Amino acid sequence: MGLVAQIGKNTQQGIGSFGEFCVFCGHTFALIIPTILRKRNYASILAQFYEVGVRSIPVVMITGAFVGAVLAVQTVQQFKAIGMVDKMGTIVNLSLLRELGPVLAGVMLAGRVGGGLTAELGTMRVTEQIDALRAMGTDPIQVLVVPRFLACLLLIPLLDLYASFTGIFGGYFVSVYLFGVNSAAFWENAQQTVFMYDIFYGPLKCLFFGASLSLICCYKGFHCLPGAAGVGRACTESFVASCMVILALDFFLGMFFNSMIIWIWGLKAWLG
């Protein structure tokens, strides 16, 4: 009976937490337009743009370059074995633009930015700064959450392009200069198989990744337990939850976007 009661209690708490998260998301969405229309909020929004976007560029570019290089190392021998080494441009470009670039950008931002958001807001909650904002008649979600949400929502798609760009050149360098793939064939096959919708495929995914990880991390920071242990646990939970949501969204969005591409342009376009 004790085990059943504990399972029921945990289920009830989980449903309650999900309901609180939905209310938190709704409150955030409702305050986006009022926040944008108030000029005095621009300073905090630009500060978050710098923190989320500019300071993340080196990490994302270096990660993308090495992932592209590793992708080439792991595939070039197999392509040589079946006589399709000239298709390296296709596999490198499509893999990074459609899947690896968006997921890498999302996961790296969940670690670098998401953990920071949770720690910052969690510390403010523990030190009662959030309560002080409420006492002053200021909505803490409008001041603290909306700028961070906008920064993640708008800048992660751009970071995805940086990751994909450096990843493609990392794969090109390894394929051409280390394994002797013909440079002209590499780019010619890429040109034949990469279309305009492939360029927007990853950034569209990243819009959902950025929105979800920013909301999860801000929510965890707003509802962390007291003390340093509570902040640390909230950071861990936010990172794990963000990564799981990003991977789940990647699957469902990939299925949806692939179905839309096949419906609009046909199966040949999806296959490249």
# chains A, B, ... in the order shown; residues from 1 in each chain; ligands from 1
>>> residues_around(residues="Ile168 (chain A)", least_positions_apart="6", cutoff="7 Å", atoms="only C-alpha atoms", output="mmCIF file with N, CA and C atoms, in the first residue's frame")
data_model
loop_
_atom_site.group_PDB
_atom_site.id
_atom_site.type_symbol
_atom_site.label_atom_id
_atom_site.label_comp_id
_atom_site.auth_asym_id
_atom_site.auth_seq_id
_atom_site.Cartn_x
_atom_site.Cartn_y
_atom_site.Cartn_z
ATOM 1 N N GLY A 68 31.589 17.884 -37.980
ATOM 2 C CA GLY A 68 31.680 17.673 -39.421
ATOM 3 C C GLY A 68 32.887 16.842 -39.805
ATOM 4 N N VAL A 92 27.595 15.000 -46.090
ATOM 5 C CA VAL A 92 28.068 15.989 -45.113
ATOM 6 C C VAL A 92 27.111 17.170 -45.041
ATOM 7 N N ASN A 93 26.736 17.707 -46.171
ATOM 8 C CA ASN A 93 25.882 18.903 -46.182
ATOM 9 C C ASN A 93 24.488 18.613 -45.641
ATOM 10 N N LEU A 96 24.410 17.755 -41.766
ATOM 11 C CA LEU A 96 24.612 18.895 -40.887
ATOM 12 C C LEU A 96 23.466 19.892 -40.972
#
>>> closest_atom_pairs(of="region 113-210 of chain A", to="region 69-76 of chain A", cutoff="10 Å", atoms="only C-alpha atoms", output="CSV")
residue,atom,partner,partner_atom,distance
A:Thr166,CA,A:Ala69,CA,9.6
A:Gly167,CA,A:Ala69,CA,7.0
A:Ile168,CA,A:Ala69,CA,8.2
A:Phe169,CA,A:Ala69,CA,8.2
A:Gly170,CA,A:Ala69,CA,4.7
A:Gly171,CA,A:Ala69,CA,4.4
A:Tyr172,CA,A:Ala69,CA,7.7
A:Phe173,CA,A:Ala69,CA,7.5
A:Val174,CA,A:Ala69,CA,5.8
A:Ser175,CA,A:Ala72,CA,6.0
A:Val176,CA,A:Ala72,CA,9.8
A:Leu178,CA,A:Val73,CA,9.1
A:Phe179,CA,A:Val76,CA,7.6
A:Gly180,CA,A:Val76,CA,9.9
A:Val181,CA,A:Val76,CA,8.6
>>> write_last_selection(atoms="C-alpha atoms", output="compact mmCIF listing (two decimals), in the first residue's frame")
# COMPACT_ATOMS: atom_id res chain seq x y z
CA THR A 166 31.78 25.26 -39.87
CA GLY A 167 30.70 21.61 -39.84
CA ILE A 168 30.46 21.53 -43.62
CA PHE A 169 33.93 22.99 -43.99
CA GLY A 170 35.27 20.61 -41.35
CA GLY A 171 33.87 17.68 -43.35
CA TYR A 172 35.22 19.20 -46.56
CA PHE A 173 38.72 19.60 -45.13
CA VAL A 174 38.87 16.00 -43.90
CA SER A 175 37.36 14.56 -47.08
CA VAL A 176 39.50 16.49 -49.54
CA LEU A 178 43.09 13.93 -45.69
CA PHE A 179 41.30 11.30 -47.79
CA GLY A 180 41.79 12.66 -51.30
CA VAL A 181 38.17 13.25 -52.29
>>> closest_residue(among="A:Gln77, A:Leu155, A:Ile261, A:Phe21", to="Arg55 (chain A)", atoms="only C-alpha atoms")
A:Leu155
>>> closest_residue(among="A:Gly8, A:Gly116, A:Pro203, A:Gly210", to="Leu150 (chain A)", atoms="only C-alpha atoms")
A:Gly210
>>> closest_atom_pairs(of="region 178-269 of chain A", to="region 79-86 of chain A", cutoff="8 Å", atoms="only C-alpha atoms", output="tab-separated table")
residue	atom	partner	partner_atom	distance
A:Val181	CA	A:Asp86	CA	6.7
A:Asn182	CA	A:Asp86	CA	6.9
A:Ala185	CA	A:Asp86	CA	5.5
A:Phe186	CA	A:Asp86	CA	5.9
A:Asn189	CA	A:Asp86	CA	7.3
>>> residues_around(residues="Met108 (chain A)", least_positions_apart="4", cutoff="10 Å", atoms="only C-alpha atoms", output="PDB file with N, CA and C atoms, in the first residue's frame")
ATOM      1  N   SER A  56      28.168  32.673 -27.420  1.00  0.00           N
ATOM      2  CA  SER A  56      28.037  31.250 -27.753  1.00  0.00           C
ATOM      3  C   SER A  56      28.640  30.901 -29.107  1.00  0.00           C
ATOM      4  N   VAL A  59      31.934  28.552 -29.143  1.00  0.00           N
ATOM      5  CA  VAL A  59      31.659  27.177 -28.732  1.00  0.00           C
ATOM      6  C   VAL A  59      30.922  26.425 -29.834  1.00  0.00           C
ATOM      7  N   VAL A  60      29.916  27.058 -30.415  1.00  0.00           N
ATOM      8  CA  VAL A  60      29.102  26.408 -31.437  1.00  0.00           C
ATOM      9  C   VAL A  60      29.920  26.151 -32.697  1.00  0.00           C
ATOM     10  N   THR A  63      32.502  23.299 -32.054  1.00  0.00           N
ATOM     11  CA  THR A  63      31.797  22.019 -31.979  1.00  0.00           C
ATOM     12  C   THR A  63      31.339  21.560 -33.354  1.00  0.00           C
ATOM     13  N   PRO A 102      21.289  21.520 -36.114  1.00  0.00           N
ATOM     14  CA  PRO A 102      20.266  21.954 -35.158  1.00  0.00           C
ATOM     15  C   PRO A 102      20.385  21.290 -33.794  1.00  0.00           C
ATOM     16  N   VAL A 103      20.596  19.977 -33.766  1.00  0.00           N
ATOM     17  CA  VAL A 103      20.672  19.277 -32.481  1.00  0.00           C
ATOM     18  C   VAL A 103      21.894  19.726 -31.693  1.00  0.00           C
ATOM     19  N   LEU A 104      23.028  19.878 -32.376  1.00  0.00           N
ATOM     20  CA  LEU A 104      24.238  20.329 -31.686  1.00  0.00           C
ATOM     21  C   LEU A 104      24.050  21.727 -31.114  1.00  0.00           C
ATOM     22  N   ARG A 112      25.411  25.481 -22.134  1.00  0.00           N
ATOM     23  CA  ARG A 112      26.097  26.737 -21.853  1.00  0.00           C
ATOM     24  C   ARG A 112      25.155  27.829 -21.374  1.00  0.00           C
ATOM     25  N   VAL A 113      24.024  27.973 -22.062  1.00  0.00           N
ATOM     26  CA  VAL A 113      23.090  29.048 -21.733  1.00  0.00           C
ATOM     27  C   VAL A 113      22.033  28.583 -20.742  1.00  0.00           C
ATOM     28  N   GLY A 114      21.477  27.387 -20.987  1.00  0.00           N
ATOM     29  CA  GLY A 114      20.395  26.914 -20.134  1.00  0.00           C
ATOM     30  C   GLY A 114      20.804  26.778 -18.676  1.00  0.00           C
ATOM     31  N   CYS A 243      17.633  18.625 -22.881  1.00  0.00           N
ATOM     32  CA  CYS A 243      18.196  17.698 -23.872  1.00  0.00           C
ATOM     33  C   CYS A 243      17.170  16.658 -24.309  1.00  0.00           C
TER      34      CYS A 243
END
>>> closest_atom_pairs(of="region 185-242 of chain A", to="region 119-141 of chain A", cutoff="7 Å", atoms="only C-alpha atoms", output="Markdown table")
| residue | atom | partner | partner_atom | distance |
| --- | --- | --- | --- | --- |
| A:Cys218 | CA | A:Leu121 | CA | 6.8 |
| A:Gly221 | CA | A:Gly122 | CA | 4.1 |
| A:Phe222 | CA | A:Gly122 | CA | 5.9 |
| A:Cys224 | CA | A:Gly122 | CA | 5.9 |
| A:Pro226 | CA | A:Val126 | CA | 5.5 |
| A:Gly227 | CA | A:Val126 | CA | 6.4 |
| A:Val231 | CA | A:Gly122 | CA | 5.5 |
| A:Cys235 | CA | A:Ala119 | CA | 6.1 |
>>> residues_around(residues="Phe149 (chain A)", least_positions_apart="4", cutoff="7 Å", atoms="only C-alpha atoms", output="mmCIF file with N, CA and C atoms, in the first residue's frame")
data_model
loop_
_atom_site.group_PDB
_atom_site.id
_atom_site.type_symbol
_atom_site.label_atom_id
_atom_site.label_comp_id
_atom_site.auth_asym_id
_atom_site.auth_seq_id
_atom_site.Cartn_x
_atom_site.Cartn_y
_atom_site.Cartn_z
ATOM 1 N N VAL A 145 12.219 36.741 -17.465
ATOM 2 C CA VAL A 145 12.019 35.581 -18.334
ATOM 3 C C VAL A 145 11.882 35.979 -19.796
ATOM 4 N N LEU A 153 14.979 32.186 -28.437
ATOM 5 C CA LEU A 153 14.094 31.924 -29.576
ATOM 6 C C LEU A 153 14.688 32.453 -30.879
ATOM 7 N N ALA A 211 12.802 27.907 -27.850
ATOM 8 C CA ALA A 211 11.651 28.224 -27.013
ATOM 9 C C ALA A 211 11.517 27.233 -25.869
ATOM 10 N N SER A 214 14.525 27.484 -23.188
ATOM 11 C CA SER A 214 14.479 28.710 -22.385
ATOM 12 C C SER A 214 13.350 28.644 -21.366
ATOM 13 N N LEU A 215 12.200 28.131 -21.763
ATOM 14 C CA LEU A 215 11.073 28.037 -20.827
ATOM 15 C C LEU A 215 11.352 27.020 -19.728
#
>>> select_by_dssp(residues="region 126-233 of chain A", states="alpha helix (DSSP H)", output="JSON, numbers by chain")
{"A": [126, 129, 130, 131, 132, 133, 134, 135, 140, 146, 147, 148, 149, 150, 151, 152, 153, 154, 155, 156, 157, 158, 159, 160, 161, 162, 163, 164, 165, 166, 167, 168, 169, 170, 171, 172, 173, 183, 184, 185, 186, 187, 188, 189, 190, 191, 192, 193, 196, 197, 198, 199, 200, 201, 202, 203, 204, 205, 206, 207, 208, 209, 210, 211, 212, 213, 214, 215, 216, 217, 218, 219, 220, 221, 222, 227, 228, 229, 230, 231, 232, 233]}
>>> atom_distance(atom1="CA of Ile156 (chain A)", atom2="CA of Val52 (chain A)")
8.2 Å
>>> closest_atom_pairs(of="region 130-231 of chain A", to="region 40-51 of chain A", cutoff="9 Å", atoms="only C-alpha atoms", output="tab-separated table")
residue	atom	partner	partner_atom	distance
A:Val143	CA	A:Asn41	CA	7.7
A:Leu144	CA	A:Ser44	CA	8.6
A:Val146	CA	A:Ile45	CA	8.3
A:Pro147	CA	A:Ile45	CA	4.7
A:Arg148	CA	A:Gln48	CA	5.9
A:Leu150	CA	A:Ile45	CA	7.6
A:Ala151	CA	A:Phe49	CA	5.0
A:Cys152	CA	A:Phe49	CA	8.0
A:Leu154	CA	A:Phe49	CA	8.7
A:Leu155	CA	A:Phe49	CA	7.3
>>> write_last_selection(atoms="N, CA and C atoms", output="tab-separated table (two decimals), in the first residue's frame")
chain	number	residue	atom	x	y	z
A	143	VAL	N	10.31	40.92	-16.57
A	143	VAL	CA	11.64	41.50	-16.44
A	143	VAL	C	12.73	40.45	-16.66
A	144	LEU	N	12.52	39.25	-16.15
A	144	LEU	CA	13.59	38.24	-16.13
A	144	LEU	C	13.44	37.16	-17.19
A	146	VAL	N	11.06	36.96	-20.10
A	146	VAL	CA	10.79	37.30	-21.50
A	146	VAL	C	12.05	37.69	-22.27
A	147	PRO	N	12.95	38.53	-21.73
A	147	PRO	CA	14.19	38.82	-22.49
A	147	PRO	C	15.01	37.57	-22.79
A	148	ARG	N	15.10	36.67	-21.84
A	148	ARG	CA	15.87	35.43	-22.05
A	148	ARG	C	15.17	34.53	-23.05
A	150	LEU	N	13.20	35.53	-25.55
A	150	LEU	CA	13.37	36.12	-26.88
A	150	LEU	C	14.78	35.87	-27.41
A	151	ALA	N	15.77	35.98	-26.53
A	151	ALA	CA	17.15	35.75	-26.97
A	151	ALA	C	17.35	34.33	-27.46
A	152	CYS	N	16.86	33.35	-26.71
A	152	CYS	CA	16.99	31.95	-27.12
A	152	CYS	C	16.18	31.67	-28.38
A	154	LEU	N	15.25	33.66	-30.85
A	154	LEU	CA	15.68	34.32	-32.08
A	154	LEU	C	17.12	34.02	-32.47
A	155	LEU	N	17.97	33.69	-31.50
A	155	LEU	CA	19.39	33.57	-31.81
A	155	LEU	C	19.86	32.14	-32.01
>>> atom_distance(atom1="CA of Val194 (chain A)", atom2="CA of Ser95 (chain A)")
10.5 Å
